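**Student:** First the structure, then my questions, so here it is.
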Amino acid sequence: MITFGNNLFHLKTKDTSYVIGIFEGKLLNLYWGKAIKCVPDLEDMLAVDYTRTFSSTDIMWNGKKMSTNDLTMEYSEYGRGDFRTPAFYGVDGEFTTASDLKFDSYEIIDGKYKVEGMPSVYAEEGDKVSTLKIHLLDVYSGLKVTLLYGVYEDFNVITRAVIFENTADKPYRLNKALSMTVDFDSKEFDFIHLSGVWARERKPQRTYVKSGTMQVESIRGTSSHIHNPFIALVSPETNEEYGEAYGFNLVYSGNFVAGVQKEDYDITRAFMGINPIGFSWILEKGETFSTPEAVLVYSNNGLGEMSRKFHKLYRTRLCIGVYRDIKRPVLINNWEATYFDFNEEKILDITKSAAELGVELMVLDDGWFGKRDQEDCSLGDWTPDTRKLPNGVKGLAEKVNNEGLKFGLWFEPEMVSPDSNLYREHPDWCLHQGGRDRTLGRSQLVLDLSRPEVCDYVKGFMSEILSTVNISYIKWDMNRYITEFGSPAFSGEKQGEIAHRYMLGLYDIMEYLTANFPHVLFEGCSGGGGRFDPGILYYMPQIWTSDDSDGLERIDIQYGTSLCYPYSAMGAHVSAVPNHQVFRTTPIKFRGDVAICGQLGYELNLGILSDKEKEAVKEQIKTYHKLADVFHNGDLYRIITPENSDVAVNQFISEDENTVIVCVYVMRGRPNNAYKYAKLKNLDLSAVYVDENGKEYSGEFLSRFGIKIHPDRDYASKIIVLKKK
Ligand code: GLA
């Protein structure tokens, strides 16, 4: 619910309040936290009511000199009194940069706003969701800035985005346009973010916020392996279960910045949006620019509750399409089994042995097109290589279907190899900057998706194959970072728009394909988990979490990912041992018990496993079918996190709270090790829970005493299923 009175906007979700005030025409951020019922007085909430030493006077109030620099601003401007990092800045028709944003008007609307040309979370019939639009006007330039807020009452989430409109006759060049800033007065914070690298994505990092700026960012053209567009500000004492946590996530898959700035008088500013490096956008009279959406979550019960709020929203109001709600097929992928060295016979052998064990979908990975025997050619030439597939992919798909499996195919639609017919025909269709070198990544260039004709070409070849071959699944890969953001299709002054225009082109293609081929399940991928963000998740309900599927490594990767993203979003495969990335050998049970919580798949030749291992795989798939609903639609409690621990334990509770699954992983056994106790969360203390052997435990016992674990053996794992009696 959104109310307005006494110059205060009160954005109320079930358990939280977010209060914005209008003060001398300026918008102030006054409160965000646990729900407040009283009607506060704006003046009582001001961070300061006089000019502090050395502050510039840009507000006068009751004859008092004041400065926006000393206040908690809602969306800060550049060039006047506020010296902190601005939410936006630009150059107007007079070539001046200072702006003075003043409140103009507001609208409160039922339902959720949309972000033009970009994915955003949505509302469904019956949801208590409302939109607040606050219109601000820069009195100097005529730039209209509309702040959008989506208030999800039951989900306890607030979303934000911004629209800029040039109402003046002269052009306005935006140089920075963040999706949000939030100022906190006198709070101590730790800054949490997810960092990594290829095959080791999203490791949580936690640092005390001192004076100055800390930020994570990408100028790689993807959200990237290195940093994720998720950050959290938490009280220094916050842990999984206790304490305040503010989570922020950007629904965007390209260049971003997200960070925290602590400046004068301990006011802390969180900020998030498109990375201003390399960015500019020219608005002619009447033109608008929309920022991507930021999702904001407050939790008073630690990181666990923060994650659960993100998970629930993303599971049910972010992913589009039928696969959001239905159980997705268990797949076999040939990549680590064959790499480029395969033919129809090998693929059918892999398919047959997978079929015997209960696998439902065969995915043919890279190497099926052009003359792609290695990674340096053929991207763009999406015609089947008949040396490997004499009957084409159509023929193979039919044979796979005859074995009772669905058929899926790998694509890297955004790319072109210099050694390809496509590049020879259209050398100007890749992103590049004039006659300068075209920097290669994995021997390939990136198609210029800022150009509609290039997007049409991608839509064309994808539609052609999807309409002629019985394809149920696409693995959409993106295997390099982007350099030389430039396009000959735009004038020199518009080159700062190309990185964002690329994203708009990409989303337009995904919009088209998901709308026209609704039965196809899309899985996002970018050298493993290099583009694991809500922008992709909107179109593709699952993303390949990492190219590292070693059981042990995956515990860390999936843990970090779960801070913001649900297990239903994580592609998780059992692969061969010794593992191809770290050469570690772990039991098939351990690998299976780690993968089973995500979207389960296999990435090895199941045909060469021992009979005992084959039995284990059969069992895993059966168990997966029984439990997937709880893993994917239930609530996650991280009981023991893998950081600095020999053991990791996750607990999932089904939506109806009748099934509890406890996943126990011993990462490192030690002789005579101390016991660990996994004290379960959110159980019914007075209920009895029965395990699969019929043994009964009281909810109280499981919560207070817990499940006893003896970490004395490497890679021991257990999936314990408890049913409420
Ligand atoms: C990326 C993916 C892998 C595989 C290869 C194929 O690295 O993450 O899973 O598809 O590309 O080239």
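Naming works like this for the structure tokens: A, B, ... for the chains as they're shown, residue 1 at the start of each chain, ligands 1 onward in shown order.
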Quick one: residues within 12 Å of Phe23 of chain A, only C-alpha atoms counted, chain neighbours fewer than 6 positions away excluded, as a list in words?
**Tutor:** Asn6, Asn7, Leu8, Phe9, Asn29, Leu30, Asp41, Leu42, Glu43, Met45, Leu46, Ala47, Asp49, Ile59, Met60, Trp61, Asn62, Met66, Ser67, Thr68, Leu71, Thr72, Met73, Glu74, Leu101, Lys102 and Phe103 of chain A
**Student:** Using DSSP secondary structure from the backbone, list all helix (DSSP H, G or I) positions within segment 403-512 of chain A, as a VMD selection string.
**Tutor:** chain A and resid 421 to 425 427 to 429 452 to 468 492 to 512
**Student:** Go ahead and write the residues just picked, N, CA and C atoms, as a compact mmCIF listing (two decimals), in the first residue's frame.
**Tutor:**
# COMPACT_ATOMS: atom_id res chain seq x y z
N ASN A 421 31.34 -17.98 -42.77
CA ASN A 421 30.73 -17.37 -43.95
C ASN A 421 30.01 -16.08 -43.56
N LEU A 422 29.41 -16.09 -42.37
CA LEU A 422 28.68 -14.90 -41.93
C LEU A 422 29.62 -13.69 -41.88
N TYR A 423 30.80 -13.89 -41.31
CA TYR A 423 31.74 -12.76 -41.19
C TYR A 423 32.26 -12.33 -42.56
N ARG A 424 32.49 -13.31 -43.41
CA ARG A 424 32.98 -12.97 -44.75
C ARG A 424 31.93 -12.15 -45.50
N GLU A 425 30.64 -12.48 -45.29
CA GLU A 425 29.57 -11.72 -45.97
C GLU A 425 29.30 -10.38 -45.31
N PRO A 427 31.25 -8.29 -42.72
CA PRO A 427 32.31 -7.97 -41.75
C PRO A 427 31.95 -6.79 -40.85
N ASP A 428 30.93 -6.02 -41.20
CA ASP A 428 30.58 -4.87 -40.35
C ASP A 428 29.45 -5.21 -39.37
N TRP A 429 29.06 -6.47 -39.29
CA TRP A 429 27.97 -6.84 -38.37
C TRP A 429 28.45 -7.12 -36.95
N PRO A 452 19.05 -3.28 -35.67
CA PRO A 452 17.85 -4.12 -35.84
C PRO A 452 18.03 -5.21 -36.89
N GLU A 453 18.78 -4.92 -37.98
CA GLU A 453 18.90 -5.96 -39.02
C GLU A 453 19.71 -7.15 -38.52
N VAL A 454 20.65 -6.91 -37.61
CA VAL A 454 21.42 -8.02 -37.06
C VAL A 454 20.53 -8.83 -36.11
N CYS A 455 19.72 -8.13 -35.32
CA CYS A 455 18.77 -8.84 -34.43
C CYS A 455 17.81 -9.67 -35.27
N ASP A 456 17.37 -9.10 -36.40
CA ASP A 456 16.44 -9.85 -37.26
C ASP A 456 17.10 -11.12 -37.80
N TYR A 457 18.38 -11.00 -38.11
CA TYR A 457 19.11 -12.17 -38.61
C TYR A 457 19.14 -13.27 -37.54
N VAL A 458 19.42 -12.87 -36.28
CA VAL A 458 19.47 -13.86 -35.19
C VAL A 458 18.09 -14.49 -35.00
N LYS A 459 17.06 -13.63 -34.98
CA LYS A 459 15.69 -14.17 -34.84
C LYS A 459 15.40 -15.14 -35.98
N GLY A 460 15.88 -14.79 -37.17
CA GLY A 460 15.61 -15.59 -38.36
C GLY A 460 16.20 -16.99 -38.27
N PHE A 461 17.51 -17.09 -37.98
CA PHE A 461 18.10 -18.45 -38.00
C PHE A 461 17.61 -19.28 -36.81
N MET A 462 17.35 -18.61 -35.69
CA MET A 462 16.84 -19.37 -34.54
C MET A 462 15.42 -19.87 -34.84
N SER A 463 14.60 -19.00 -35.43
CA SER A 463 13.22 -19.40 -35.74
C SER A 463 13.20 -20.53 -36.75
N GLU A 464 14.07 -20.43 -37.73
CA GLU A 464 14.12 -21.44 -38.79
C GLU A 464 14.36 -22.82 -38.18
N ILE A 465 15.37 -22.91 -37.33
CA ILE A 465 15.70 -24.24 -36.79
C ILE A 465 14.65 -24.69 -35.77
N LEU A 466 14.13 -23.72 -34.99
CA LEU A 466 13.11 -24.10 -34.00
C LEU A 466 11.81 -24.52 -34.67
N SER A 467 11.56 -24.01 -35.88
CA SER A 467 10.32 -24.38 -36.57
C SER A 467 10.46 -25.69 -37.34
N THR A 468 11.70 -26.09 -37.65
CA THR A 468 11.84 -27.28 -38.50
C THR A 468 12.34 -28.51 -37.76
N GLY A 492 28.77 9.40 -34.42
CA GLY A 492 29.84 9.46 -33.42
C GLY A 492 29.33 9.81 -32.04
N GLU A 493 28.42 10.79 -31.96
CA GLU A 493 27.98 11.24 -30.63
C GLU A 493 27.09 10.20 -29.95
N LYS A 494 26.64 9.21 -30.69
CA LYS A 494 25.76 8.19 -30.09
C LYS A 494 26.52 6.89 -29.72
N GLN A 495 27.82 6.88 -29.88
CA GLN A 495 28.56 5.65 -29.61
C GLN A 495 28.50 5.23 -28.13
N GLY A 496 28.27 6.21 -27.24
CA GLY A 496 28.14 5.87 -25.81
C GLY A 496 26.85 5.11 -25.51
N GLU A 497 26.00 4.99 -26.51
CA GLU A 497 24.72 4.28 -26.31
C GLU A 497 24.82 2.80 -26.66
N ILE A 498 25.92 2.41 -27.33
CA ILE A 498 25.94 1.08 -27.95
C ILE A 498 25.87 -0.06 -26.92
N ALA A 499 26.57 0.09 -25.79
CA ALA A 499 26.56 -1.02 -24.81
C ALA A 499 25.14 -1.29 -24.33
N HIS A 500 24.39 -0.22 -24.07
CA HIS A 500 23.02 -0.44 -23.60
C HIS A 500 22.10 -0.85 -24.77
N ARG A 501 22.35 -0.28 -25.95
CA ARG A 501 21.54 -0.69 -27.12
C ARG A 501 21.75 -2.18 -27.41
N TYR A 502 22.96 -2.68 -27.16
CA TYR A 502 23.22 -4.11 -27.33
C TYR A 502 22.28 -4.91 -26.42
N MET A 503 22.16 -4.47 -25.14
CA MET A 503 21.30 -5.18 -24.20
C MET A 503 19.84 -5.12 -24.66
N LEU A 504 19.43 -3.95 -25.14
CA LEU A 504 18.04 -3.82 -25.60
C LEU A 504 17.79 -4.76 -26.79
N GLY A 505 18.79 -4.87 -27.67
CA GLY A 505 18.67 -5.78 -28.82
C GLY A 505 18.57 -7.22 -28.35
N LEU A 506 19.43 -7.57 -27.39
CA LEU A 506 19.44 -8.94 -26.87
C LEU A 506 18.08 -9.28 -26.23
N TYR A 507 17.59 -8.37 -25.39
CA TYR A 507 16.29 -8.63 -24.74
C TYR A 507 15.17 -8.71 -25.78
N ASP A 508 15.29 -7.90 -26.84
CA ASP A 508 14.26 -7.93 -27.88
C ASP A 508 14.25 -9.31 -28.56
N ILE A 509 15.44 -9.85 -28.82
CA ILE A 509 15.52 -11.18 -29.44
C ILE A 509 14.92 -12.24 -28.50
N MET A 510 15.28 -12.14 -27.23
CA MET A 510 14.78 -13.15 -26.27
C MET A 510 13.27 -13.03 -26.11
N GLU A 511 12.78 -11.80 -26.14
CA GLU A 511 11.33 -11.57 -26.04
C GLU A 511 10.63 -12.27 -27.22
N TYR A 512 11.20 -12.05 -28.41
CA TYR A 512 10.61 -12.61 -29.63
C TYR A 512 10.61 -14.14 -29.59
**Student:** Once you count only C-alpha atoms and all ligand atoms, which residues end up within 8 Å of ligand 1, and could you hand them over as a list in words?
**Tutor:** Trp335, Tyr339, Asp365, Asp366, Gly367, Glu375, Trp410, Lys475, Asp477, Met478, Asn479, Cys525, Ser526, Gly527, Gly528, Gly529, Trp544, Ser546 and Asp547 of chain A
**Student:** Near segment 340-354 of chain A, counting only C-alpha atoms, which residues have an atom at most 7 Å away, once you skip same-chain residues fewer than 6 positions from it, shown as a list in words?
**Tutor:**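 The neighbour list is Ile332, Met362, Asp366, Gly367, Asp373, Gln374, Lys388, Leu389, Leu396, Val400, Glu403, Asn605, Leu606 and Gly607 of chain A.
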**Student:** Go ahead and save the picked residues with N, CA and C atoms, as a PDB file, in the first residue's frame.
**Tutor:**
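Ended up saving to again.pdb:
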ATOM      1  N   ILE A 332      20.816 -34.909 -20.148  1.00  0.00           N
ATOM      2  CA  ILE A 332      22.186 -35.378 -20.362  1.00  0.00           C
ATOM      3  C   ILE A 332      22.796 -34.433 -21.388  1.00  0.00           C
ATOM      4  N   MET A 362      18.026 -35.049 -24.092  1.00  0.00           N
ATOM      5  CA  MET A 362      19.420 -35.115 -24.564  1.00  0.00           C
ATOM      6  C   MET A 362      19.798 -33.749 -25.143  1.00  0.00           C
ATOM      7  N   ASP A 366      28.106 -27.734 -28.065  1.00  0.00           N
ATOM      8  CA  ASP A 366      28.898 -27.070 -29.103  1.00  0.00           C
ATOM      9  C   ASP A 366      29.523 -28.072 -30.088  1.00  0.00           C
ATOM     10  N   GLY A 367      29.619 -27.649 -31.372  1.00  0.00           N
ATOM     11  CA  GLY A 367      30.365 -28.450 -32.357  1.00  0.00           C
ATOM     12  C   GLY A 367      29.507 -29.088 -33.426  1.00  0.00           C
ATOM     13  N   ASP A 373      35.420 -28.003 -35.390  1.00  0.00           N
ATOM     14  CA  ASP A 373      36.133 -29.066 -34.683  1.00  0.00           C
ATOM     15  C   ASP A 373      36.937 -28.494 -33.531  1.00  0.00           C
ATOM     16  N   GLN A 374      37.059 -27.212 -33.515  1.00  0.00           N
ATOM     17  CA  GLN A 374      37.669 -26.533 -32.378  1.00  0.00           C
ATOM     18  C   GLN A 374      37.006 -25.164 -32.261  1.00  0.00           C
ATOM     19  N   LYS A 388      29.684 -34.899 -39.183  1.00  0.00           N
ATOM     20  CA  LYS A 388      29.403 -35.482 -37.868  1.00  0.00           C
ATOM     21  C   LYS A 388      27.967 -35.997 -37.797  1.00  0.00           C
ATOM     22  N   LEU A 389      27.073 -35.252 -38.433  1.00  0.00           N
ATOM     23  CA  LEU A 389      25.646 -35.591 -38.340  1.00  0.00           C
ATOM     24  C   LEU A 389      25.094 -35.777 -39.756  1.00  0.00           C
ATOM     25  N   LEU A 396      18.971 -36.391 -36.213  1.00  0.00           N
ATOM     26  CA  LEU A 396      19.411 -36.798 -34.876  1.00  0.00           C
ATOM     27  C   LEU A 396      18.272 -36.616 -33.871  1.00  0.00           C
ATOM     28  N   VAL A 400      16.784 -39.354 -31.380  1.00  0.00           N
ATOM     29  CA  VAL A 400      16.774 -39.149 -29.921  1.00  0.00           C
ATOM     30  C   VAL A 400      15.340 -39.290 -29.419  1.00  0.00           C
ATOM     31  N   GLU A 403      14.217 -42.727 -28.967  1.00  0.00           N
ATOM     32  CA  GLU A 403      14.707 -43.384 -27.735  1.00  0.00           C
ATOM     33  C   GLU A 403      13.880 -42.948 -26.533  1.00  0.00           C
ATOM     34  N   ASN A 605      29.623 -39.625 -19.973  1.00  0.00           N
ATOM     35  CA  ASN A 605      29.087 -40.777 -20.692  1.00  0.00           C
ATOM     36  C   ASN A 605      28.594 -41.796 -19.672  1.00  0.00           C
ATOM     37  N   LEU A 606      27.277 -41.837 -19.488  1.00  0.00           N
ATOM     38  CA  LEU A 606      26.712 -42.724 -18.465  1.00  0.00           C
ATOM     39  C   LEU A 606      26.941 -44.191 -18.823  1.00  0.00           C
ATOM     40  N   GLY A 607      27.146 -44.447 -20.125  1.00  0.00           N
ATOM     41  CA  GLY A 607      27.325 -45.821 -20.591  1.00  0.00           C
ATOM     42  C   GLY A 607      28.572 -46.486 -20.034  1.00  0.00           C
TER      43      GLY A 607
END
**Student:** Under the rule that only C-alpha atoms are counted, which of A:His580, A:Arg554, A:Lys724, A:Lys170 is the nearest residue to Asp593 of chain A?
**Tutor:** A:Arg554
**Student:** Need the shell around Leu331 of chain A: protein/DNA/RNA residues with any atom at most 9 Å away, counting only C-alpha atoms. Skip same-chain ones fewer than 6 positions apart. Format as an NGL selection string?
**Tutor:** :A and (354 or 359-363 or 406 or 408 or 573 or 599-603)
**Student:** Using only C-alpha atoms, which residues sit within 12 Å of Lys37 of chain A once same-chain residues fewer than 4 positions away are excluded, as a list in words?
**Tutor:**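 Final neighbour list, sorted by chain and number: Thr3, His10, Leu11, Lys12, Thr13, Lys14, Asp15, Thr16, Ser17, Tyr18, Val19 and Gly33 of chain A.
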**Student:** Between A:Arg269, A:Lys589, A:Lys312, A:Arg173, which is the closest to Ile282 of chain A once you count only C-alpha atoms?
**Tutor:**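 Smallest separation from Ile282 of chain A among the options: A:Arg173.
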**Student:** Please list as a PyMOL selection string every residue within 12 Å of Gly524 of chain A, counting only C-alpha atoms and excluding residues in the same chain fewer than 4 positions away.
**Tutor:** chain A and resi 253+410-413+473-479+510+528-546+569-571
**Student:** Which residue out of A:Tyr152, A:Tyr246, A:Phe485, A:Tyr122 has the minimum interatomic distance to Gly278 of chain A when only C-alpha atoms are used?
**Tutor:**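 Among the listed residues, the smallest separation from Gly278 of chain A belongs to A:Phe485.
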**Student:** Quick one: distance from atom CA of Ser186 of chain A to atom CA of Leu296 of chain A in Å, one decimal?
**Tutor:**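 Atom CA of Ser186 of chain A sits 19.8 Å away from atom CA of Leu296 of chain A.
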**Student:** What does the structure give for the distance between atom CA of Asp419 of chain A and atom CA of Asp376 of chain A, in Å to one decimal?
**Tutor:**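 Answer for the atom CA of Asp419 of chain A to atom CA of Asp376 of chain A separation: 7.3 Å.
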**Student:** Just give me the gap between atom CA of Ile277 of chain A and atom CA of Lys210 of chain A in Å, one decimal is fine.
**Tutor:**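 Atom-to-atom, atom CA of Ile277 of chain A to atom CA of Lys210 of chain A, that is 24.2 Å.
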**Student:** Mind checking which residues fall within 10 Å of Asp385 of chain A, counting only C-alpha atoms, ignoring those fewer than 4 positions away in the same chain, and posting them as a PyMOL selection string?
**Tutor:** chain A and resi 343+367-373+381+389-393
**Student:** Using N, CA and C atoms, can you write the selected residues to a file as a CSV table (one decimal), in the first residue's frame?
**Tutor:**
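Once everything was written out, this is selection-v9.csv:
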chain,number,residue,atom,x,y,z
A,343,ASN,N,30.1,-37.9,-33.2
A,343,ASN,CA,29.3,-38.1,-34.4
A,343,ASN,C,28.0,-38.6,-33.9
A,367,GLY,N,29.6,-27.6,-31.4
A,367,GLY,CA,30.4,-28.5,-32.4
A,367,GLY,C,29.5,-29.1,-33.4
A,368,TRP,N,28.2,-28.8,-33.5
A,368,TRP,CA,27.3,-29.5,-34.4
A,368,TRP,C,27.1,-28.8,-35.7
A,369,PHE,N,27.8,-27.6,-35.9
A,369,PHE,CA,27.5,-26.8,-37.1
A,369,PHE,C,28.8,-26.4,-37.8
A,370,GLY,N,28.6,-25.8,-39.0
A,370,GLY,CA,29.8,-25.4,-39.8
A,370,GLY,C,30.8,-26.5,-39.9
A,371,LYS,N,32.1,-26.1,-39.6
A,371,LYS,CA,33.2,-27.1,-39.5
A,371,LYS,C,33.9,-26.9,-38.2
A,372,ARG,N,33.0,-26.9,-37.2
A,372,ARG,CA,33.5,-26.6,-35.9
A,372,ARG,C,34.1,-27.8,-35.1
A,373,ASP,N,35.4,-28.0,-35.4
A,373,ASP,CA,36.1,-29.1,-34.7
A,373,ASP,C,36.9,-28.5,-33.5
A,381,ASP,N,27.6,-19.6,-38.6
A,381,ASP,CA,27.2,-20.6,-39.7
A,381,ASP,C,26.4,-21.7,-39.0
A,389,LEU,N,27.1,-35.3,-38.4
A,389,LEU,CA,25.6,-35.6,-38.3
A,389,LEU,C,25.1,-35.8,-39.8
A,390,PRO,N,25.3,-37.0,-40.3
A,390,PRO,CA,24.9,-37.2,-41.7
A,390,PRO,C,23.4,-36.9,-42.0
A,391,ASN,N,22.6,-37.0,-40.9
A,391,ASN,CA,21.1,-36.8,-41.0
A,391,ASN,C,20.7,-35.4,-40.5
A,392,GLY,N,21.7,-34.6,-40.3
A,392,GLY,CA,21.5,-33.2,-39.7
A,392,GLY,C,21.0,-33.3,-38.3
A,393,VAL,N,20.7,-32.1,-37.8
A,393,VAL,CA,20.2,-32.2,-36.4
A,393,VAL,C,18.7,-32.7,-36.4
**Student:** Which residue gives the smallest distance to Trp281 of chain A among A:Ala687, A:Leu174, A:Ile588, A:Ile621, with only C-alpha atoms counted?
**Tutor:** A:Leu174
**Student:** DSSP on the backbone, strand (DSSP E or B) only: what residues of segment 168-366 of chain A does that give? Format it as a PyMOL selection string.
**Tutor:** chain A and resi 172-185+190-197+200-208+212-218+227-234+243+245-251+256-262+267-274+281-283+288-290+293-299+301+331-333+361-364
**Student:** Please tabulate, as a tab-separated table, the residues of segment 204-303 of chain A that come within 12 Å of segment 640-655 of chain A, each with its closest pair of atoms and the distance in Å to one decimal, counting only C-alpha atoms and ordering rows by chain, then residue number upward.
**Tutor:**
residue	atom	partner	partner_atom	distance
A:Pro204	CA	A:Glu643	CA	9.2
A:Gln205	CA	A:Glu643	CA	10.7
A:Arg206	CA	A:Glu643	CA	11.7
A:Asn239	CA	A:Thr641	CA	10.6
A:Glu240	CA	A:Thr641	CA	8.9
A:Glu241	CA	A:Ile640	CA	11.2
A:Leu303	CA	A:Thr641	CA	11.6
**Student:** Could you please take those selected residues and save all heavy atoms as a PDB file, in the first residue's frame?
**Tutor:**
ATOM      1  N   PRO A 204      30.746 -15.232  -1.686  1.00  0.00           N
ATOM      2  CA  PRO A 204      30.395 -14.053  -0.893  1.00  0.00           C
ATOM      3  C   PRO A 204      31.634 -13.392  -0.278  1.00  0.00           C
ATOM      4  O   PRO A 204      32.524 -14.075   0.234  1.00  0.00           O
ATOM      5  CB  PRO A 204      29.494 -14.614   0.211  1.00  0.00           C
ATOM      6  CG  PRO A 204      29.010 -15.926  -0.308  1.00  0.00           C
ATOM      7  CD  PRO A 204      30.104 -16.452  -1.189  1.00  0.00           C
ATOM      8  N   GLN A 205      31.693 -12.090  -0.377  1.00  0.00           N
ATOM      9  CA  GLN A 205      32.774 -11.307   0.229  1.00  0.00           C
ATOM     10  C   GLN A 205      32.113 -10.348   1.212  1.00  0.00           C
ATOM     11  O   GLN A 205      31.098  -9.756   0.888  1.00  0.00           O
ATOM     12  CB  GLN A 205      33.494 -10.453  -0.827  1.00  0.00           C
ATOM     13  CG  GLN A 205      33.938 -11.203  -2.047  1.00  0.00           C
ATOM     14  CD  GLN A 205      35.209 -11.989  -1.805  1.00  0.00           C
ATOM     15  OE1 GLN A 205      35.991 -11.648  -0.928  1.00  0.00           O
ATOM     16  NE2 GLN A 205      35.407 -13.047  -2.556  1.00  0.00           N
ATOM     17  N   ARG A 206      32.691 -10.190   2.372  1.00  0.00           N
ATOM     18  CA  ARG A 206      32.059  -9.327   3.383  1.00  0.00           C
ATOM     19  C   ARG A 206      33.114  -8.406   3.991  1.00  0.00           C
ATOM     20  O   ARG A 206      34.129  -8.867   4.479  1.00  0.00           O
ATOM     21  CB  ARG A 206      31.431 -10.208   4.458  1.00  0.00           C
ATOM     22  CG  ARG A 206      30.690  -9.432   5.524  1.00  0.00           C
ATOM     23  CD  ARG A 206      29.861 -10.399   6.365  1.00  0.00           C
ATOM     24  NE  ARG A 206      29.213  -9.679   7.446  1.00  0.00           N
ATOM     25  CZ  ARG A 206      28.174 -10.122   8.124  1.00  0.00           C
ATOM     26  NH1 ARG A 206      27.659 -11.297   7.844  1.00  0.00           N
ATOM     27  NH2 ARG A 206      27.642  -9.416   9.100  1.00  0.00           N
ATOM     28  N   ASN A 239      23.873 -12.346  10.875  1.00  0.00           N
ATOM     29  CA  ASN A 239      24.280 -13.664  10.368  1.00  0.00           C
ATOM     30  C   ASN A 239      23.111 -14.256   9.589  1.00  0.00           C
ATOM     31  O   ASN A 239      22.201 -13.524   9.193  1.00  0.00           O
ATOM     32  CB  ASN A 239      24.759 -14.560  11.519  1.00  0.00           C
ATOM     33  CG  ASN A 239      23.657 -14.788  12.550  1.00  0.00           C
ATOM     34  OD1 ASN A 239      22.465 -14.586  12.271  1.00  0.00           O
ATOM     35  ND2 ASN A 239      24.039 -15.215  13.736  1.00  0.00           N
ATOM     36  N   GLU A 240      23.092 -15.554   9.409  1.00  0.00           N
ATOM     37  CA  GLU A 240      22.011 -16.172   8.624  1.00  0.00           C
ATOM     38  C   GLU A 240      20.633 -15.897   9.221  1.00  0.00           C
ATOM     39  O   GLU A 240      19.650 -15.741   8.515  1.00  0.00           O
ATOM     40  CB  GLU A 240      22.224 -17.688   8.561  1.00  0.00           C
ATOM     41  CG  GLU A 240      23.162 -18.139   7.475  1.00  0.00           C
ATOM     42  CD  GLU A 240      22.653 -17.846   6.075  1.00  0.00           C
ATOM     43  OE1 GLU A 240      21.479 -18.065   5.792  1.00  0.00           O
ATOM     44  OE2 GLU A 240      23.468 -17.372   5.265  1.00  0.00           O
ATOM     45  N   GLU A 241      20.576 -15.851  10.557  1.00  0.00           N
ATOM     46  CA  GLU A 241      19.279 -15.864  11.239  1.00  0.00           C
ATOM     47  C   GLU A 241      18.898 -14.546  11.890  1.00  0.00           C
ATOM     48  O   GLU A 241      17.726 -14.256  12.083  1.00  0.00           O
ATOM     49  CB  GLU A 241      19.368 -16.947  12.314  1.00  0.00           C
ATOM     50  CG  GLU A 241      18.093 -17.643  12.559  1.00  0.00           C
ATOM     51  CD  GLU A 241      18.250 -18.675  13.662  1.00  0.00           C
ATOM     52  OE1 GLU A 241      19.395 -19.123  13.915  1.00  0.00           O
ATOM     53  OE2 GLU A 241      17.234 -19.027  14.270  1.00  0.00           O
ATOM     54  N   LEU A 303      20.454 -12.871   6.884  1.00  0.00           N
ATOM     55  CA  LEU A 303      20.628 -13.103   5.450  1.00  0.00           C
ATOM     56  C   LEU A 303      19.674 -14.173   4.924  1.00  0.00           C
ATOM     57  O   LEU A 303      19.261 -14.140   3.773  1.00  0.00           O
ATOM     58  CB  LEU A 303      22.068 -13.547   5.183  1.00  0.00           C
ATOM     59  CG  LEU A 303      23.106 -12.445   5.339  1.00  0.00           C
ATOM     60  CD1 LEU A 303      24.504 -13.040   5.424  1.00  0.00           C
ATOM     61  CD2 LEU A 303      23.005 -11.460   4.185  1.00  0.00           C
TER      62      LEU A 303
END
